[in-house]
Every structure is written in C-alpha cells, then in structure tokens.
$ cat protein-v6.cif   # mmCIF, C-alpha atoms
data_entry
#
loop_
_atom_site.label_atom_id
_atom_site.label_comp_id
_atom_site.auth_asym_id
_atom_site.auth_seq_id
_atom_site.Cartn_x
_atom_site.Cartn_y
_atom_site.Cartn_z
CA MET G 9 3.24 5.42 -23.27
CA LEU G 10 2.77 2.77 -20.59
CA LYS G 11 5.96 1.84 -18.73
CA LEU G 12 4.88 0.34 -15.42
CA VAL G 13 2.03 -1.80 -14.10
CA ALA G 14 1.33 -1.70 -10.36
CA PHE G 15 -0.87 -4.37 -8.79
CA ASP G 16 -2.73 -4.25 -5.53
CA LEU G 17 -2.51 -7.69 -3.90
CA ASP G 18 -5.57 -8.97 -2.01
CA GLY G 19 -8.51 -9.18 -4.41
CA VAL G 20 -6.29 -8.74 -7.48
CA ILE G 21 -3.44 -11.27 -7.26
CA TYR G 22 -4.81 -13.46 -4.49
CA ARG G 23 -7.76 -13.81 -2.15
CA GLY G 24 -6.66 -14.93 1.28
CA ALA G 25 -4.13 -17.73 0.69
CA GLN G 26 -5.41 -18.60 -2.81
CA ILE G 27 -3.94 -17.11 -5.98
CA LEU G 28 -6.67 -15.82 -8.29
CA PRO G 29 -7.27 -17.26 -11.78
CA HIS G 30 -5.21 -15.61 -14.58
CA ALA G 31 -3.02 -13.70 -12.10
CA LEU G 32 0.16 -15.58 -12.95
CA ASP G 33 -0.53 -15.28 -16.71
CA ALA G 34 -0.99 -11.53 -16.22
CA VAL G 35 2.40 -11.29 -14.50
CA PHE G 36 4.10 -13.14 -17.38
CA ALA G 37 2.30 -10.91 -19.91
CA ILE G 38 3.77 -7.82 -18.27
CA GLU G 39 7.28 -9.29 -18.25
CA GLU G 40 6.98 -10.38 -21.89
CA ARG G 41 6.20 -6.78 -22.86
CA ARG G 42 9.26 -5.56 -20.92
CA LEU G 43 7.17 -3.38 -18.64
CA LEU G 44 8.18 -2.64 -15.07
CA LEU G 45 6.09 -4.39 -12.44
CA ARG G 46 5.34 -3.47 -8.82
CA TYR G 47 3.11 -4.93 -6.13
CA VAL G 48 1.62 -2.22 -3.93
CA THR G 49 -0.21 -2.98 -0.70
CA ASN G 50 -1.44 -1.09 2.35
CA ASN G 51 -0.19 -3.92 4.58
CA ALA G 52 2.12 -2.28 7.14
CA THR G 53 2.79 -5.19 9.47
CA MET G 54 5.22 -7.07 7.23
CA HIS G 55 8.63 -6.18 5.83
CA ARG G 56 8.76 -6.19 2.03
CA THR G 57 10.96 -9.31 2.11
CA THR G 58 8.23 -11.19 3.94
CA LEU G 59 5.63 -9.92 1.47
CA ALA G 60 7.81 -11.08 -1.42
CA GLN G 61 8.22 -14.50 0.16
CA GLN G 62 4.45 -14.78 0.49
CA LEU G 63 4.06 -14.12 -3.24
CA GLN G 64 6.85 -16.54 -4.11
CA SER G 65 5.11 -19.26 -2.09
CA MET G 66 2.15 -18.85 -4.46
CA GLY G 67 4.36 -19.38 -7.50
CA ILE G 68 4.76 -15.72 -8.44
CA PRO G 69 8.34 -14.79 -9.42
CA VAL G 70 9.08 -11.55 -7.55
CA LYS G 71 12.07 -9.69 -6.16
CA ASP G 72 12.01 -7.75 -2.89
CA GLU G 73 12.40 -4.43 -4.69
CA GLN G 74 9.21 -5.08 -6.67
CA VAL G 75 7.11 -5.01 -3.49
CA LEU G 76 5.97 -1.74 -1.94
CA GLY G 77 4.08 -2.04 1.33
CA SER G 78 2.83 0.97 3.24
CA ALA G 79 5.51 0.43 5.90
CA ALA G 80 8.32 0.77 3.34
CA ALA G 81 6.52 3.64 1.62
CA THR G 82 6.18 5.47 4.92
CA ALA G 83 9.86 4.97 5.75
CA THR G 84 10.94 6.23 2.32
CA TRP G 85 8.57 9.21 2.52
CA LEU G 86 9.97 10.20 5.93
CA GLN G 87 13.55 9.69 4.68
CA GLY G 88 12.98 12.51 2.21
CA ARG G 89 11.93 14.87 5.00
CA PHE G 90 14.06 14.11 8.07
CA ALA G 91 17.76 13.50 8.61
CA ALA G 92 19.23 10.06 9.15
CA GLY G 93 19.45 9.26 12.84
CA SER G 94 16.29 11.19 13.70
CA GLN G 95 14.09 9.57 16.31
CA VAL G 96 10.86 8.13 14.89
CA LEU G 97 8.39 6.33 17.11
CA ALA G 98 5.91 3.75 15.90
CA LEU G 99 2.62 2.37 17.10
CA GLY G 100 2.85 -0.70 14.94
CA GLU G 101 4.52 -4.07 14.51
CA SER G 102 8.00 -5.44 13.77
CA GLY G 103 7.80 -5.05 9.98
CA LEU G 104 7.17 -1.32 10.31
CA LEU G 105 10.00 -0.84 12.79
CA ALA G 106 12.39 -2.78 10.54
CA GLU G 107 11.55 -0.61 7.52
CA LEU G 108 12.08 2.59 9.53
CA ARG G 109 15.44 1.40 10.85
CA GLU G 110 16.66 0.29 7.43
CA VAL G 111 16.44 3.83 6.05
CA GLY G 112 18.47 5.17 8.97
CA PHE G 113 16.01 6.28 11.62
CA ALA G 114 16.40 5.61 15.33
CA ALA G 115 13.07 3.85 15.50
CA GLN G 116 11.35 2.54 18.63
CA HIS G 117 7.89 1.42 19.60
CA VAL G 118 6.10 4.21 21.46
CA LEU G 119 6.10 2.09 24.64
CA ASP G 120 9.91 1.84 24.58
CA ALA G 121 10.51 5.61 24.45
CA SER G 122 11.07 7.73 27.53
CA GLY G 123 8.43 10.33 28.32
CA ASP G 124 10.82 13.20 27.54
CA ALA G 125 11.83 11.85 24.11
CA ALA G 126 11.61 14.29 21.19
CA PRO G 127 10.68 12.25 18.10
CA VAL G 128 10.29 14.01 14.76
CA ALA G 129 7.36 11.73 13.89
CA VAL G 130 4.99 9.13 15.30
CA VAL G 131 4.02 6.52 12.71
CA VAL G 132 0.78 4.64 13.35
CA GLY G 133 -0.31 1.42 11.67
CA LEU G 134 -1.90 -1.86 12.66
CA ASP G 135 -0.74 -2.95 16.11
CA ARG G 136 -2.41 -6.14 17.28
CA ALA G 137 -0.94 -5.61 20.77
CA LEU G 138 -2.62 -2.22 21.08
CA ASN G 139 -3.52 -1.22 24.64
CA TYR G 140 -4.44 1.91 26.54
CA LYS G 141 -0.83 2.61 27.54
CA SER G 142 0.43 2.55 23.93
CA LEU G 143 -2.48 4.71 22.78
CA ALA G 144 -1.68 7.24 25.52
CA ALA G 145 2.02 7.24 24.57
CA ALA G 146 1.26 7.97 20.91
CA GLN G 147 -1.16 10.71 21.96
CA HIS G 148 1.47 12.29 24.22
CA PHE G 149 4.22 12.57 21.61
CA ILE G 150 1.88 13.86 18.89
CA MET G 151 0.49 16.51 21.23
CA GLN G 152 4.10 17.48 22.00
CA GLY G 153 4.60 18.31 18.32
CA ALA G 154 5.73 15.12 16.57
CA LEU G 155 4.39 14.71 13.04
CA PHE G 156 1.51 12.22 13.01
CA VAL G 157 1.89 9.84 10.07
CA ALA G 158 -0.52 7.01 9.22
CA THR G 159 0.72 4.06 7.21
CA ASN G 160 -2.86 3.60 5.96
CA THR G 161 -6.46 4.20 6.96
CA ASP G 162 -7.95 0.78 6.12
CA ALA G 163 -10.60 0.33 8.81
CA THR G 164 -10.75 -3.44 8.33
CA PHE G 165 -9.01 -6.34 6.62
CA PRO G 166 -10.35 -9.79 5.68
CA ALA G 167 -9.21 -12.84 7.63
CA GLU G 168 -10.60 -16.37 7.87
CA GLY G 169 -14.02 -15.49 6.50
CA ARG G 170 -14.51 -12.42 8.69
CA LEU G 171 -13.41 -8.82 8.96
CA LEU G 172 -10.91 -7.72 11.60
CA PRO G 173 -9.97 -4.18 12.68
CA GLY G 174 -7.31 -2.73 10.37
CA GLY G 175 -4.63 -0.10 10.76
CA GLY G 176 -7.18 2.63 10.13
CA SER G 177 -8.98 1.67 13.33
CA VAL G 178 -5.78 2.29 15.32
CA VAL G 179 -5.16 5.54 13.42
CA ALA G 180 -8.70 6.70 14.20
CA ALA G 181 -8.18 6.06 17.91
CA VAL G 182 -4.95 8.08 17.95
CA ALA G 183 -6.56 10.91 15.96
CA ALA G 184 -9.49 11.04 18.38
CA ALA G 185 -7.17 11.05 21.39
CA SER G 186 -4.75 13.68 20.06
CA GLY G 187 -7.15 15.89 18.13
CA VAL G 188 -4.68 15.82 15.21
CA ASP G 189 -5.30 14.53 11.68
CA PRO G 190 -2.49 12.39 10.24
CA VAL G 191 -0.57 12.58 7.02
CA VAL G 192 -1.74 9.42 5.24
CA ILE G 193 0.85 7.55 3.16
CA GLY G 194 -0.97 4.40 2.04
CA LYS G 195 -3.74 4.30 -0.56
CA PRO G 196 -5.66 6.54 -1.17
CA GLY G 197 -3.00 8.90 0.23
CA LEU G 198 -0.58 10.32 -2.29
CA GLY G 199 2.49 9.43 -0.23
CA MET G 200 2.40 5.91 -1.68
CA ALA G 201 2.13 7.34 -5.19
CA GLU G 202 5.08 9.67 -4.56
CA VAL G 203 7.27 6.79 -3.42
CA LEU G 204 6.22 4.61 -6.36
CA ARG G 205 7.25 7.36 -8.75
CA SER G 206 10.51 8.25 -6.99
CA THR G 207 11.72 4.65 -6.61
CA THR G 208 10.94 3.62 -10.21
CA GLY G 209 11.61 6.87 -12.06
CA VAL G 210 8.32 6.46 -13.91
CA ASP G 211 5.94 9.41 -14.07
CA TYR G 212 2.28 9.04 -13.16
CA PRO G 213 0.74 9.10 -16.67
CA GLU G 214 3.01 6.16 -17.62
CA ILE G 215 1.71 3.96 -14.75
CA LEU G 216 -1.28 1.62 -14.87
CA PHE G 217 -2.58 0.96 -11.36
CA VAL G 218 -4.65 -2.21 -11.02
CA GLY G 219 -6.89 -2.61 -7.99
CA ASP G 220 -10.15 -4.03 -6.71
CA ARG G 221 -11.25 -1.10 -4.51
CA LEU G 222 -12.55 2.22 -5.78
CA ASP G 223 -11.96 4.02 -2.48
CA THR G 224 -8.27 3.13 -2.12
CA ASP G 225 -6.59 1.72 -5.25
CA ILE G 226 -8.50 3.60 -7.91
CA ALA G 227 -8.88 6.77 -5.83
CA MET G 228 -5.10 7.06 -5.38
CA GLY G 229 -4.44 6.38 -9.05
CA VAL G 230 -6.97 8.95 -10.18
CA ARG G 231 -5.69 11.59 -7.74
CA ALA G 232 -2.10 11.05 -8.89
CA GLY G 233 -2.94 11.09 -12.61
CA MET G 234 -2.19 7.42 -13.30
CA LYS G 235 -4.12 5.17 -15.64
CA THR G 236 -6.41 2.99 -13.53
CA LEU G 237 -7.94 -0.46 -13.97
CA LEU G 238 -10.64 -1.86 -11.69
CA VAL G 239 -10.67 -5.66 -11.69
CA LEU G 240 -13.89 -7.19 -10.39
CA THR G 241 -12.33 -10.08 -8.47
CA GLY G 242 -12.26 -8.41 -5.08
CA VAL G 243 -14.28 -5.95 -3.04
CA HIS G 244 -16.06 -3.67 -5.51
CA THR G 245 -18.52 -4.58 -8.24
CA ARG G 246 -20.34 -2.87 -11.10
CA LYS G 247 -23.03 -1.96 -8.58
CA HIS G 248 -20.47 0.05 -6.62
CA LEU G 249 -19.29 1.70 -9.84
CA ALA G 250 -22.79 3.00 -10.53
CA CYS G 251 -22.83 5.06 -7.34
CA SER G 252 -19.17 6.07 -7.10
CA GLU G 253 -17.69 9.48 -7.89
CA VAL G 254 -14.36 7.74 -8.51
CA GLN G 255 -14.27 6.08 -11.92
CA PRO G 256 -11.44 3.98 -13.40
CA ASP G 257 -10.15 4.26 -16.94
CA PHE G 258 -10.68 0.54 -17.52
CA ILE G 259 -12.81 -2.25 -16.02
CA LEU G 260 -12.20 -6.00 -16.36
CA ASP G 261 -14.07 -8.94 -14.88
CA ASP G 262 -10.70 -10.60 -14.21
CA LEU G 263 -7.10 -10.46 -15.39
CA ALA G 264 -7.62 -12.75 -18.40
CA GLU G 265 -8.02 -9.78 -20.75
CA LEU G 266 -5.11 -7.79 -19.35
CA PRO G 267 -2.68 -8.67 -22.19
CA LEU G 268 -5.01 -7.11 -24.80
CA LEU G 269 -5.40 -4.01 -22.68
CA LEU G 270 -1.62 -3.73 -22.26
CA ASP G 271 -1.04 -3.90 -26.01
CA LYS G 272 -3.49 -1.07 -26.58
CA ALA G 273 -2.03 1.04 -23.75
CA ILE G 274 1.53 0.55 -25.02
CA GLN G 275 0.53 1.79 -28.46
CA ASP G 276 -1.37 4.87 -27.22
#
$ encode --input "protein-v6.cif" --output "structure tokens"
Amino acid sequence: MLKLVAFDLDGVIYRGAQILPHALDAVFAIEERRLLLRYVTNNATMHRTTLAQQLQSMGIPVKDEQVLGSAAATATWLQGRFAAGSQVLALGESGLLAELREVGFAAQHVLDASGDAAPVAVVVGLDRALNYKSLAAAQHFIMQGALFVATNTDATFPAEGRLLPGGGSVVAAVAAASGVDPVVIGKPGLGMAEVLRSTTGVDYPEILFVGDRLDTDIAMGVRAGMKTLLVLTGVHTRKHLACSEVQPDFILDDLAELPLLLDKAIQD
C-alpha cells in the first residue's frame, strides 16, 4: 500500500523560479489522501529551511521537515556512522556546513582546517568559491584516510537559460586528484533513499518517487525498490525512455493525472 509520495523539485514542482502547472493541485491531492509528502533534491548548497522558504514563496505549504536536500541527507547518513563531535571537513557552502553542525559534528571548510587535522570524513559538494588551494586540501585529507563522501554527482545544474557546473564537477576534480572514488549520498546514490526511509519510517515499496530524470530520480527509486513515476515536465522525454535501461513504473505528461494514479496505488 502506498504511504508516502516523494517529489524531486526542479522539473517536477517548478522550473527555475516558476511553479509548474498542476503542481499545487498535486500537493493538495496527496494531503487529501492523508499520505506523507517529502520534497527530495540533490541541492547541497542550501539548508533545508531555506529550501522550504523557497517553496513557500511559490505558494506551496511545506514544513522544514518535509524537505530533504542532499546536504541534510549526507549529515544524517554520517550521523549513523560516526560519533557526535567527530571532525568532518567540507568542500562546499554554508548550507552544507550548517547541516553537518546541526547533527553534532565539528564541521569546518577544508581551508579552515590545520594540515595535521584528522577528520573522519571529507564531504564534497558544490563550492562556487572552489580554487586550487581548497582542491589540494580536500585531496590531502582524503589521501590521509578520511572517508570521501559526495553530496551528489550532478555534473551541471540549470540557471538563467544556461547550464553551470554542478556539485558533481567538484566531486570529479577531487576524485581525480585523490585517486579515490566517493560514497555518493544524493540521487542516484542509495544514501538518500536510506535517509528517506529512516526519517519517515516508511519502507521502500510503500514510497512513490516522482522525478523528471531517469538517471537520478528514477534510477535511485528503482535501485531502492520504490514505485517510480517519471513526469515529462523536466529533463527527460519519451525519446529518452526508448533508449534507457532504467524504466519507471508510471509515466505522466504532467501532474494533472496524479490524483487518479494515487487512488489506484492506494488500493493496490
């Protein structure tokens, strides 16, 4: 039985600064059916409170705890593996550092750590102030034995009608420099799925994951054993479906038909 619906954000709920048609109706349909609702994004630069405020500004009623960004997911994942007070370094921005500190880690940017520091992990995400010195610092601590964790591997993200380098571009640079492959938390990594399950108490087969990308949203859902819905309002189209090994359980042109799909899924 379906208990939880998880939405990706960009390409599903909004595109850029514009909410997509039928998105708000879909949110109300989920609430009317008393299903749990989560918003799951690979964005690692913003704290979940900031992400929630962004949704609220678009007219979407959301609480902070309903938002799961890859920064919060990474912090929660690490919390289950290392003791409170452990030193964790980040090559990332303020939202990531805030999430790491809130779960009890002594978190610093890699540039603020002394050369003889002994962090248990180095977390890498998008850092728009990236420079050679910060790349070398992350390389150093990983090669000294710190666990290399990537918030996500998104190579690009859309902005103002163009693509910009994403967190995955920074992760790739650190991997090349260190010769170490990271543990990936964000979609399609299963770390995000683990945190979604542990924080909601809902098992994978009872989750419907709604996304616009086959290689991240749908791939994670399929790997975890969730029900998956590809909505064709974002990146991938039916043309992409025809040549993809990853296939969703459901496909919709937009979210207008989501209520009918929910009623069927609840009954199954």
$ resolve_selection --input "protein-v6.cif" --expression "the PyMOL selection byres ((chain G and resi 72) around 7)" --output "list of chain:residue names"
G:Arg56, G:Thr57, G:Ala60, G:Val70, G:Lys71, G:Glu73, G:Gln74, G:Val75
$ atom_distance --input "protein-v6.cif" --atom1 "CA of Ala34 in chain G" --atom2 "CA of Asp223 in chain G"
23.5 Å
$ resolve_selection --input "protein-v6.cif" --expression "the PyMOL selection byres ((chain G and resi 269) around 12)" --output "PyMOL selection string"
chain G and resi 10+13+34+37-38+41+216+218+235-237+257-260+262-268+270-276
$ closest_residue --input "protein-v6.cif" --among "G:Met151, G:Ile27, G:Val191, G:Leu222" --to "Gln64 in chain G" --atoms "only C-alpha atoms"
G:Ile27
$ residues_around --input "protein-v6.cif" --residues "range 229-232 of chain G" --least-positions-apart "4" --cutoff "8 Å" --atoms "all atoms listed in the file" --output "list in words"
Pro196, Leu198, Ala201, Tyr212, Phe217, Asp225, Thr236, Val254 and Pro256 of chain G
$ closest_residue --input "protein-v6.cif" --among "G:Ile226, G:Leu76, G:Val203, G:Leu155" --to "Leu238 in chain G" --atoms "all atoms listed in the file"
G:Ile226
$ closest_residue --input "protein-v6.cif" --among "G:Leu32, G:Val118, G:Val130, G:Val210" --to "Leu12 in chain G" --atoms "all atoms listed in the file"
G:Val210
$ residues_around --input "protein-v6.cif" --residues "range 15-23 of chain G" --least-positions-apart "3" --cutoff "6 Å" --atoms "only C-alpha atoms" --output "JSON, numbers by chain"
{"G": [26, 27, 28, 31, 47, 48, 49, 218, 219, 220, 241, 242]}
$ closest_residue --input "protein-v6.cif" --among "G:Ala81, G:Ser102, G:Phe156, G:Arg246" --to "Ser206 in chain G" --atoms "only C-alpha atoms"
G:Ala81
$ atom_distance --input "protein-v6.cif" --atom1 "CA of Ala92 in chain G" --atom2 "CA of Asn160 in chain G"
23.2 Å
$ atom_distance --input "protein-v6.cif" --atom1 "CA of Gly175 in chain G" --atom2 "CA of Gly133 in chain G"
4.7 Å
$ closest_residue --input "protein-v6.cif" --among "G:Leu138, G:Ala98, G:Ala106, G:Ala80" --to "Pro173 in chain G" --atoms "all atoms listed in the file"
G:Leu138
$ closest_residue --input "protein-v6.cif" --among "G:Arg221, G:Lys11, G:Arg205, G:His148" --to "Gly187 in chain G" --atoms "all atoms listed in the file"
G:His148
$ resolve_selection --input "protein-v6.cif" --expression "the PyMOL selection byres ((chain G and resi 55) around 7)" --output "MDAnalysis selection string"
chainID G and resid 53:54 56:59 103:104 106:107
$ residues_near_point --input "protein-v6.cif" --point "(8.2, 5.9, 6.5)" --cutoff "9 Å" --atoms "only C-alpha atoms" --output "ChimeraX atom specification"
/G:78-87,104,107-108,111,131,157,159,193
$ residues_around --input "protein-v6.cif" --residues "Ala146 in chain G" --least-positions-apart "2" --cutoff "8 Å" --atoms "only C-alpha atoms" --output "VMD selection string"
chain G and resid 99 118 130 142 to 144 148 to 150 182
